[in-house]
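J.: Okay, so here is query07.cif, and as you'll see once you scroll down, it has mmCIF, C-alpha atoms.
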```cif
data_entry
#
loop_
_atom_site.group_PDB
_atom_site.id
_atom_site.type_symbol
_atom_site.label_atom_id
_atom_site.label_comp_id
_atom_site.auth_asym_id
_atom_site.auth_seq_id
_atom_site.Cartn_x
_atom_site.Cartn_y
_atom_site.Cartn_z
ATOM 1 C CA MET A 1 13.082 5.700 4.820
ATOM 2 C CA LYS A 2 11.211 5.597 1.540
ATOM 3 C CA ILE A 3 12.194 3.035 -1.091
ATOM 4 C CA ALA A 4 10.642 3.274 -4.550
ATOM 5 C CA ARG A 5 10.403 0.762 -7.354
ATOM 6 C CA PHE A 6 10.709 2.704 -10.579
ATOM 7 C CA SER A 7 11.645 2.700 -14.231
ATOM 8 C CA THR A 8 13.323 5.184 -16.551
ATOM 9 C CA GLY A 9 12.461 3.190 -19.645
ATOM 10 C CA ASP A 10 14.542 0.165 -18.739
ATOM 11 C CA GLU A 11 14.066 -2.682 -16.280
ATOM 12 C CA PRO A 12 12.481 -1.862 -12.894
ATOM 13 C CA ARG A 13 14.960 -0.635 -10.301
ATOM 14 C CA TYR A 14 14.865 0.387 -6.646
ATOM 15 C CA GLY A 15 16.078 3.477 -4.881
ATOM 16 C CA ILE A 16 15.830 5.638 -1.765
ATOM 17 C CA VAL A 17 13.487 8.573 -2.291
ATOM 18 C CA GLU A 18 14.574 11.997 -1.078
ATOM 19 C CA LEU A 19 11.854 14.620 -1.358
ATOM 20 C CA SER A 20 12.622 18.266 -2.089
ATOM 21 C CA GLY A 21 13.208 20.393 0.985
ATOM 22 C CA ALA A 22 14.639 17.484 2.975
ATOM 23 C CA SER A 23 18.214 17.027 4.096
ATOM 24 C CA SER A 24 20.450 15.352 1.571
ATOM 25 C CA THR A 25 21.779 11.833 2.040
ATOM 26 C CA HIS A 26 24.889 11.065 0.039
ATOM 27 C CA PRO A 27 24.852 7.640 -1.685
ATOM 28 C CA SER A 28 27.933 6.634 0.311
ATOM 29 C CA ALA A 29 25.838 6.866 3.476
ATOM 30 C CA VAL A 30 23.807 3.820 2.447
ATOM 31 C CA GLN A 31 25.334 0.858 4.231
ATOM 32 C CA ALA A 32 24.831 -2.835 3.735
ATOM 33 C CA ALA A 33 22.292 -4.645 5.872
ATOM 34 C CA SER A 34 21.075 -8.183 6.131
ATOM 35 C CA PRO A 35 18.667 -9.250 3.358
ATOM 36 C CA GLY A 36 15.103 -8.184 4.011
ATOM 37 C CA SER A 37 16.101 -5.586 6.576
ATOM 38 C CA MET A 38 16.679 -1.855 6.412
ATOM 39 C CA PRO A 39 20.106 -0.230 6.445
ATOM 40 C CA PRO A 40 21.033 1.478 9.691
ATOM 41 C CA ALA A 41 20.802 5.234 10.065
ATOM 42 C CA THR A 42 24.065 6.917 9.135
ATOM 43 C CA GLY A 43 25.067 10.536 9.691
ATOM 44 C CA THR A 44 21.850 12.426 9.058
ATOM 45 C CA ALA A 45 19.046 9.964 9.749
ATOM 46 C CA VAL A 46 17.542 8.785 6.477
ATOM 47 C CA ALA A 47 14.076 9.006 8.008
ATOM 48 C CA ALA A 48 14.622 12.705 8.614
ATOM 49 C CA ALA A 49 15.937 13.123 5.088
ATOM 50 C CA VAL A 50 12.728 11.848 3.534
ATOM 51 C CA ALA A 51 10.191 13.139 6.032
ATOM 52 C CA GLU A 52 7.311 15.032 4.505
ATOM 53 C CA PRO A 53 4.558 17.359 5.681
ATOM 54 C CA PRO A 54 1.001 16.076 6.207
ATOM 55 C CA LEU A 55 -1.231 15.717 3.189
ATOM 56 C CA PRO A 56 -3.608 18.700 3.414
ATOM 57 C CA GLY A 57 -5.018 18.245 -0.076
ATOM 58 C CA PRO A 58 -4.530 16.392 -3.335
ATOM 59 C CA ALA A 59 -0.845 15.768 -3.878
ATOM 60 C CA GLY A 60 0.878 17.056 -6.975
ATOM 61 C CA PRO A 61 3.745 15.239 -8.702
ATOM 62 C CA PRO A 62 6.432 14.453 -6.105
ATOM 63 C CA GLN A 63 9.564 16.577 -6.296
ATOM 64 C CA GLY A 64 12.973 15.233 -5.371
ATOM 65 C CA HIS A 65 15.351 12.512 -6.460
ATOM 66 C CA ILE A 66 16.101 8.812 -6.098
ATOM 67 C CA LEU A 67 19.371 7.279 -4.883
ATOM 68 C CA VAL A 68 19.522 4.143 -7.011
ATOM 69 C CA LEU A 69 20.136 0.840 -5.202
ATOM 70 C CA LYS A 70 21.560 -2.454 -6.417
ATOM 71 C CA GLY A 71 19.081 -5.329 -6.530
ATOM 72 C CA ASP A 72 15.788 -5.808 -4.696
ATOM 73 C CA PRO A 73 15.932 -4.625 -1.058
ATOM 74 C CA LEU A 74 13.502 -7.371 -0.117
ATOM 75 C CA PHE A 75 16.182 -9.976 -0.814
ATOM 76 C CA THR A 76 19.542 -8.201 -1.075
ATOM 77 C CA PRO A 77 21.420 -5.827 1.228
ATOM 78 C CA PRO A 78 20.727 -2.201 0.218
ATOM 79 C CA GLN A 79 23.757 -0.781 -1.552
ATOM 80 C CA ALA A 80 23.860 2.471 -3.512
ATOM 81 C CA THR A 81 25.128 2.427 -7.089
ATOM 82 C CA GLY A 82 26.074 6.103 -6.960
ATOM 83 C CA GLU A 83 23.491 6.997 -9.605
ATOM 84 C CA VAL A 84 20.910 9.658 -8.787
ATOM 85 C CA VAL A 85 17.656 9.966 -10.764
ATOM 86 C CA ASP A 86 15.336 12.966 -10.667
ATOM 87 C CA LEU A 87 11.847 11.941 -9.554
ATOM 88 C CA ALA A 88 10.380 13.834 -12.497
ATOM 89 C CA GLU A 89 12.287 11.531 -14.870
ATOM 90 C CA ALA A 90 11.218 8.305 -13.143
ATOM 91 C CA ARG A 91 8.012 6.347 -13.617
ATOM 92 C CA LEU A 92 6.943 5.046 -10.232
ATOM 93 C CA LEU A 93 5.822 1.405 -10.212
ATOM 94 C CA SER A 94 4.038 -0.560 -7.526
ATOM 95 C CA PRO A 95 6.533 -0.731 -4.612
ATOM 96 C CA VAL A 96 6.268 -4.506 -4.589
ATOM 97 C CA ILE A 97 4.793 -7.251 -6.746
ATOM 98 C CA PRO A 98 3.622 -9.868 -4.245
ATOM 99 C CA ARG A 99 5.351 -13.175 -4.928
ATOM 100 C CA SER A 100 2.444 -15.031 -3.372
ATOM 101 C CA LYS A 101 -0.695 -13.074 -2.394
ATOM 102 C CA VAL A 102 -2.465 -9.973 -1.173
ATOM 103 C CA VAL A 103 -4.439 -10.562 2.023
ATOM 104 C CA GLY A 104 -7.327 -8.162 2.562
ATOM 105 C CA PHE A 105 -9.294 -7.270 5.691
ATOM 106 C CA ALA A 106 -12.774 -5.763 5.803
ATOM 107 C CA GLY A 107 -14.810 -4.230 8.598
ATOM 108 C CA THR A 108 -11.807 -2.999 10.569
ATOM 109 C CA TYR A 109 -13.193 0.507 11.216
ATOM 110 C CA PRO A 110 -16.185 1.282 13.473
ATOM 111 C CA ASP A 111 -18.100 2.775 10.548
ATOM 112 C CA PRO A 112 -16.976 0.503 7.721
ATOM 113 C CA ALA A 113 -17.357 0.872 3.999
ATOM 114 C CA GLY A 114 -20.736 -0.093 2.633
ATOM 115 C CA GLY A 115 -20.724 -3.746 1.661
ATOM 116 C CA ASP A 116 -17.528 -4.508 3.554
ATOM 117 C CA ARG A 117 -19.195 -5.945 6.647
ATOM 118 C CA ARG A 118 -21.868 -8.591 6.512
ATOM 119 C CA GLU A 119 -24.847 -8.335 8.851
ATOM 120 C CA GLY A 120 -24.320 -10.356 11.969
ATOM 121 C CA ALA A 121 -20.602 -10.591 11.272
ATOM 122 C CA PRO A 122 -18.582 -12.219 14.060
ATOM 123 C CA ASP A 123 -15.987 -10.404 16.121
ATOM 124 C CA GLU A 124 -13.272 -11.800 13.853
ATOM 125 C CA PRO A 125 -12.494 -9.606 10.845
ATOM 126 C CA VAL A 126 -13.547 -10.626 7.346
ATOM 127 C CA VAL A 127 -10.584 -11.866 5.306
ATOM 128 C CA PHE A 128 -10.243 -12.164 1.528
ATOM 129 C CA LEU A 129 -7.504 -12.604 -1.076
ATOM 130 C CA LYS A 130 -6.386 -10.763 -4.186
ATOM 131 C CA PRO A 131 -3.969 -12.314 -6.700
ATOM 132 C CA ASN A 132 -0.749 -10.544 -7.628
ATOM 133 C CA THR A 133 -2.251 -9.905 -11.082
ATOM 134 C CA ALA A 134 -4.556 -7.359 -9.393
ATOM 135 C CA VAL A 135 -1.589 -5.142 -8.475
ATOM 136 C CA ILE A 136 -0.802 -1.976 -10.436
ATOM 137 C CA GLY A 137 1.266 1.099 -9.622
ATOM 138 C CA PRO A 138 0.793 4.872 -9.656
ATOM 139 C CA ASP A 139 -0.798 6.373 -12.784
ATOM 140 C CA ALA A 140 -1.663 2.958 -14.229
ATOM 141 C CA PRO A 141 -5.341 2.870 -15.258
ATOM 142 C CA ILE A 142 -7.965 1.172 -13.115
ATOM 143 C CA VAL A 143 -9.994 -0.770 -15.676
ATOM 144 C CA LEU A 144 -13.642 -1.162 -14.698
ATOM 145 C CA PRO A 145 -14.772 -4.723 -15.478
ATOM 146 C CA ARG A 146 -17.502 -5.166 -18.085
ATOM 147 C CA TRP A 147 -19.539 -7.358 -15.727
ATOM 148 C CA SER A 148 -19.868 -4.722 -12.992
ATOM 149 C CA THR A 149 -21.820 -1.464 -12.919
ATOM 150 C CA GLU A 150 -20.763 -0.340 -9.419
ATOM 151 C CA VAL A 151 -17.034 -0.233 -8.675
ATOM 152 C CA HIS A 152 -15.823 1.566 -5.533
ATOM 153 C CA TYR A 153 -12.528 3.026 -4.304
ATOM 154 C CA GLU A 154 -11.189 2.109 -0.832
ATOM 155 C CA ALA A 155 -8.140 3.949 0.536
ATOM 156 C CA GLU A 156 -6.084 1.802 2.906
ATOM 157 C CA LEU A 157 -2.802 1.391 4.731
ATOM 158 C CA ALA A 158 -0.946 -1.704 3.485
ATOM 159 C CA VAL A 159 1.729 -3.825 5.161
ATOM 160 C CA VAL A 160 4.558 -5.572 3.265
ATOM 161 C CA ILE A 161 6.013 -8.772 4.730
ATOM 162 C CA LYS A 162 9.781 -9.413 4.618
ATOM 163 C CA SER A 163 10.164 -12.970 5.929
ATOM 164 C CA LEU A 164 8.261 -16.217 6.245
ATOM 165 C CA ALA A 165 5.702 -15.943 9.036
ATOM 166 C CA LYS A 166 3.284 -18.445 10.532
ATOM 167 C CA ASP A 167 1.352 -18.092 13.803
ATOM 168 C CA VAL A 168 3.202 -14.900 14.669
ATOM 169 C CA THR A 169 2.202 -13.153 17.883
ATOM 170 C CA PRO A 170 1.337 -9.429 17.721
ATOM 171 C CA GLU A 171 4.448 -8.728 19.790
ATOM 172 C CA ARG A 172 6.644 -10.277 17.069
ATOM 173 C CA VAL A 173 4.983 -8.734 14.039
ATOM 174 C CA ASP A 174 7.661 -6.041 13.687
ATOM 175 C CA ASP A 175 10.184 -8.836 13.096
ATOM 176 C CA VAL A 176 8.412 -9.954 9.914
ATOM 177 C CA VAL A 177 7.326 -6.574 8.480
ATOM 178 C CA LEU A 178 9.485 -4.889 5.850
ATOM 179 C CA GLY A 179 7.460 -1.697 5.716
ATOM 180 C CA TYR A 180 4.232 0.055 4.796
ATOM 181 C CA THR A 181 2.664 1.468 1.659
ATOM 182 C CA VAL A 182 -0.639 2.885 0.415
ATOM 183 C CA ALA A 183 -3.330 0.787 -1.267
ATOM 184 C CA ASN A 184 -6.623 1.243 -3.061
ATOM 185 C CA ASP A 185 -8.772 -1.849 -2.542
ATOM 186 C CA VAL A 186 -10.886 -1.325 -5.651
ATOM 187 C CA SER A 187 -14.069 -3.375 -5.288
ATOM 188 C CA ALA A 188 -16.938 -4.366 -7.586
ATOM 189 C CA ARG A 189 -19.560 -3.663 -4.939
ATOM 190 C CA ASP A 190 -22.536 -5.033 -6.862
ATOM 191 C CA ARG A 191 -20.798 -8.393 -7.318
ATOM 192 C CA GLN A 192 -19.613 -8.352 -3.720
ATOM 193 C CA ARG A 193 -23.181 -7.929 -2.468
ATOM 194 C CA ALA A 194 -24.767 -10.386 -4.883
ATOM 195 C CA GLU A 195 -22.358 -13.312 -4.664
ATOM 196 C CA PRO A 196 -21.576 -15.523 -1.636
ATOM 197 C CA GLN A 197 -17.846 -15.361 -2.390
ATOM 198 C CA TRP A 198 -15.991 -12.059 -2.778
ATOM 199 C CA VAL A 199 -13.585 -13.375 -5.417
ATOM 200 C CA ARG A 200 -15.070 -11.590 -8.416
ATOM 201 C CA GLY A 201 -15.780 -8.446 -6.425
ATOM 202 C CA LYS A 202 -12.259 -8.114 -5.050
ATOM 203 C CA ALA A 203 -9.774 -9.970 -7.228
ATOM 204 C CA PHE A 204 -10.151 -8.647 -10.782
ATOM 205 C CA ASP A 205 -7.239 -7.183 -12.740
ATOM 206 C CA THR A 206 -6.167 -3.637 -11.686
ATOM 207 C CA SER A 207 -8.145 -3.880 -8.422
ATOM 208 C CA CYS A 208 -5.110 -3.350 -6.169
ATOM 209 C CA PRO A 209 -3.191 -0.137 -6.888
ATOM 210 C CA LEU A 210 -0.146 0.201 -4.590
ATOM 211 C CA GLY A 211 2.207 3.160 -4.167
ATOM 212 C CA PRO A 212 3.883 5.507 -4.238
ATOM 213 C CA TRP A 213 6.764 3.806 -2.429
ATOM 214 C CA LEU A 214 7.584 1.682 0.601
ATOM 215 C CA GLU A 215 7.983 3.331 3.994
ATOM 216 C CA ILE A 216 10.489 1.403 6.106
ATOM 217 C CA PRO A 217 10.462 2.452 9.769
ATOM 218 C CA GLU A 218 13.934 3.266 10.987
ATOM 219 C CA PRO A 219 14.567 2.770 14.706
ATOM 220 C CA GLY A 220 16.124 5.861 16.200
ATOM 221 C CA GLY A 221 15.239 8.016 13.220
ATOM 222 C CA ALA A 222 14.009 11.543 13.691
ATOM 223 C CA VAL A 223 10.620 10.581 12.260
ATOM 224 C CA ALA A 224 9.233 7.109 12.887
ATOM 225 C CA PHE A 225 6.125 6.040 11.001
ATOM 226 C CA ASN A 226 3.443 4.696 13.344
ATOM 227 C CA PRO A 227 0.928 2.435 11.552
ATOM 228 C CA ASP A 228 -1.508 2.827 14.448
ATOM 229 C CA ASP A 229 -1.562 6.632 14.224
ATOM 230 C CA ALA A 230 -1.699 7.572 10.543
ATOM 231 C CA VAL A 231 -4.365 9.452 8.617
ATOM 232 C CA VAL A 232 -5.787 7.708 5.532
ATOM 233 C CA ARG A 233 -7.308 9.908 2.817
ATOM 234 C CA ALA A 234 -8.865 9.608 -0.619
ATOM 235 C CA TYR A 235 -9.578 12.362 -3.152
ATOM 236 C CA LEU A 236 -11.878 11.798 -6.121
ATOM 237 C CA ASP A 237 -11.184 14.345 -8.864
ATOM 238 C CA GLY A 238 -9.572 16.576 -6.222
ATOM 239 C CA HIS A 239 -12.443 16.383 -3.713
ATOM 240 C CA LEU A 240 -11.838 14.831 -0.293
ATOM 241 C CA VAL A 241 -14.030 11.729 0.048
ATOM 242 C CA GLN A 242 -12.330 9.670 2.777
ATOM 243 C CA GLU A 243 -10.425 10.742 5.876
ATOM 244 C CA ALA A 244 -9.816 8.772 9.053
ATOM 245 C CA SER A 245 -6.974 7.800 11.356
ATOM 246 C CA THR A 246 -5.824 4.247 11.858
ATOM 247 C CA ARG A 247 -6.294 5.015 15.574
ATOM 248 C CA GLU A 248 -9.979 4.408 14.889
ATOM 249 C CA MET A 249 -9.468 0.828 13.732
ATOM 250 C CA THR A 250 -11.113 -1.877 15.801
ATOM 251 C CA ARG A 251 -7.834 -3.807 15.955
ATOM 252 C CA PRO A 252 -4.210 -2.608 15.828
ATOM 253 C CA VAL A 253 -2.330 -3.331 12.629
ATOM 254 C CA ALA A 254 -0.056 -5.849 14.389
ATOM 255 C CA GLU A 255 -3.100 -7.876 15.443
ATOM 256 C CA LEU A 256 -4.325 -8.022 11.843
ATOM 257 C CA VAL A 257 -0.949 -9.280 10.611
ATOM 258 C CA ALA A 258 -0.829 -11.837 13.410
ATOM 259 C CA TYR A 259 -4.383 -12.951 12.625
ATOM 260 C CA ALA A 260 -3.539 -13.377 8.938
ATOM 261 C CA SER A 261 -0.555 -15.547 9.887
ATOM 262 C CA THR A 262 -2.873 -17.969 11.701
ATOM 263 C CA ILE A 263 -4.682 -18.607 8.398
ATOM 264 C CA PHE A 264 -1.908 -18.384 5.808
ATOM 265 C CA THR A 265 1.825 -18.797 5.820
ATOM 266 C CA LEU A 266 2.974 -15.288 4.945
ATOM 267 C CA LEU A 267 5.856 -15.122 2.479
ATOM 268 C CA PRO A 268 8.350 -12.368 1.645
ATOM 269 C CA GLY A 269 6.643 -9.751 -0.496
ATOM 270 C CA ASP A 270 3.112 -10.598 0.613
ATOM 271 C CA VAL A 271 0.911 -7.532 1.102
ATOM 272 C CA ILE A 272 -1.761 -7.101 3.781
ATOM 273 C CA LEU A 273 -4.549 -4.557 3.267
ATOM 274 C CA THR A 274 -5.756 -3.303 6.645
ATOM 275 C CA GLY A 275 -9.262 -2.149 5.712
ATOM 276 C CA THR A 276 -10.902 1.119 4.737
ATOM 277 C CA PRO A 277 -12.891 3.747 6.650
ATOM 278 C CA ALA A 278 -16.266 5.214 5.721
ATOM 279 C CA GLY A 279 -16.604 7.391 2.650
ATOM 280 C CA VAL A 280 -16.114 4.882 -0.151
ATOM 281 C CA GLY A 281 -17.944 5.617 -3.364
ATOM 282 C CA GLU A 282 -18.351 4.821 -6.997
ATOM 283 C CA LEU A 283 -15.712 5.203 -9.690
ATOM 284 C CA ARG A 284 -16.666 6.239 -13.210
ATOM 285 C CA PRO A 285 -14.675 6.361 -16.444
ATOM 286 C CA GLY A 286 -12.706 9.571 -16.841
ATOM 287 C CA GLN A 287 -12.255 10.169 -13.115
ATOM 288 C CA ARG A 288 -8.989 10.122 -11.166
ATOM 289 C CA ILE A 289 -8.761 8.687 -7.677
ATOM 290 C CA GLU A 290 -5.950 9.590 -5.291
ATOM 291 C CA VAL A 291 -5.200 7.672 -2.091
ATOM 292 C CA GLY A 292 -2.667 8.586 0.574
ATOM 293 C CA VAL A 293 -1.428 7.933 4.082
ATOM 294 C CA GLU A 294 0.286 10.627 6.120
ATOM 295 C CA GLY A 295 3.907 9.725 6.748
ATOM 296 C CA ILE A 296 4.107 7.659 3.559
ATOM 297 C CA GLY A 297 2.768 9.642 0.610
ATOM 298 C CA ALA A 298 0.013 9.628 -1.985
ATOM 299 C CA PHE A 299 -0.566 8.554 -5.580
ATOM 300 C CA SER A 300 -3.398 8.503 -8.076
ATOM 301 C CA ASN A 301 -4.822 6.442 -10.921
ATOM 302 C CA PRO A 302 -7.118 7.279 -13.824
ATOM 303 C CA VAL A 303 -10.304 5.258 -14.268
ATOM 304 C CA VAL A 304 -11.224 3.737 -17.634
ATOM 305 C CA ARG A 305 -13.672 1.238 -19.098
ATOM 306 C CA ARG A 306 -12.607 -0.784 -22.115
#
```
Spit out the file's structure as structure tokens when you get a sec.
T.:
Amino acid sequence: MKIARFSTGDEPRYGIVELSGASSTHPSAVQAASPGSMPPATGTAVAAAVAEPPLPGPAGPPQGHILVLKGDPLFTPPQATGEVVDLAEARLLSPVIPRSKVVGFAGTYPDPAGGDRREGAPDEPVVFLKPNTAVIGPDAPIVLPRWSTEVHYEAELAVVIKSLAKDVTPERVDDVVLGYTVANDVSARDRQRAEPQWVRGKAFDTSCPLGPWLEIPEPGGAVAFNPDDAVVRAYLDGHLVQEASTREMTRPVAELVAYASTIFTLLPGDVILTGTPAGVGELRPGQRIEVGVEGIGAFSNPVVRR
């Protein structure tokens, strides 16, 4: 099930995304669920209704509609209002604004992004933080900082937490995960290499685009998203520059979430970036970078310097 955070010129709202060509789900089929959990499948499985084909190339504007929900599904039971909004009339926002933090991992692929693994790094993954002020949504501009001359894109799978979690075992990670989304861990690589701390290189404003929506796995659905078997891609101005499966990661996603919970108390709405594969490269003003994960979707952002 895909849940978008969007606007039609008013306050941000949430809704279930149904893409064109998929089976229709009537708003009355959305049933209440406990806060922070997904509604059960009803009639036609919602997962089947929003399933999409793989991403063979740069994605165009999504076609379909949104079944508007009451409240924030992170904290309130999903309940349809009965209103339906055409996707073309909605402005997609970041699926979540972390209430607390974005936790990032680096060096999680065998052939990691340049600069994202220090020489002689231990077996434990490298961990860093981004503030919630780094988060932007689809189509919002990535603003290159004045103090950096080498800013890179990094396509990644991201995890969204639904409940307080501390010292969670990998076997229990599913209990604390709300769903998955797509991230671009934009990084000032020159600052990252030159400075002992990664704060300036990773945490600047607009350095964490998230989108296009939240994929919530639905047990028993016709299509179940598997975070450990999903292809991550990036397209720079329409040209494929990154492509790898999360099967290639050195640790399963659940182990990364569990590891993060040994360092930080994870709070509802926290986002975990799971790392990027090889193929990262420089962003320049005037370009557009698209990132996507099969089974979730894709989105893009223009690049500017002010």
J.: As a check of understanding, name the residues that the PyMOL selection byres ((chain A and resi 200-210) around 9) selects in the supplied structure, as a PyMOL selection string.
T.: chain A and resi 93-96+102+128-138+140-145+148+151+158+181-193+195+197-199+211-213+299-301
J.: Using only C-alpha atoms, which protein or nucleic acid residues come within 6 Å of Val291 in chain A? Drop anything in the same chain fewer than 2 positions from it, and give the result as a list in words.
T.: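 Once the adjacent positions are removed, what remains is Ala155, Arg233, Ala234, Ala298 and Phe299 of chain A.
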J.: Please indicate the distance in Å from CA of Tyr153 in chain A to CA of Gly15 in chain A, rounded to one decimal place.
T.: 28.6 Å
J.: Given the file above and the PyMOL selection byres ((chain A and resi 257) around 9), which residues are selected, and can you give them as number ranges by chain?
T.: A: 159, 168-170, 173, 177, 253-256, 258-262, 272, 274
J.: Using the file's own x, y and z axes, so that the box edges lie along x, y and z, what centre and edge lengths in Å (one decimal) does a box around every listed atom of range 230-233 of chain A get when 6 Å is added on each side? Give it as lines of an AutoDock Vina configuration file.
T.:
```
center_x = -4.5
center_y = 8.7
center_z = 6.7
size_x = 17.6
size_y = 14.3
size_z = 19.7
```
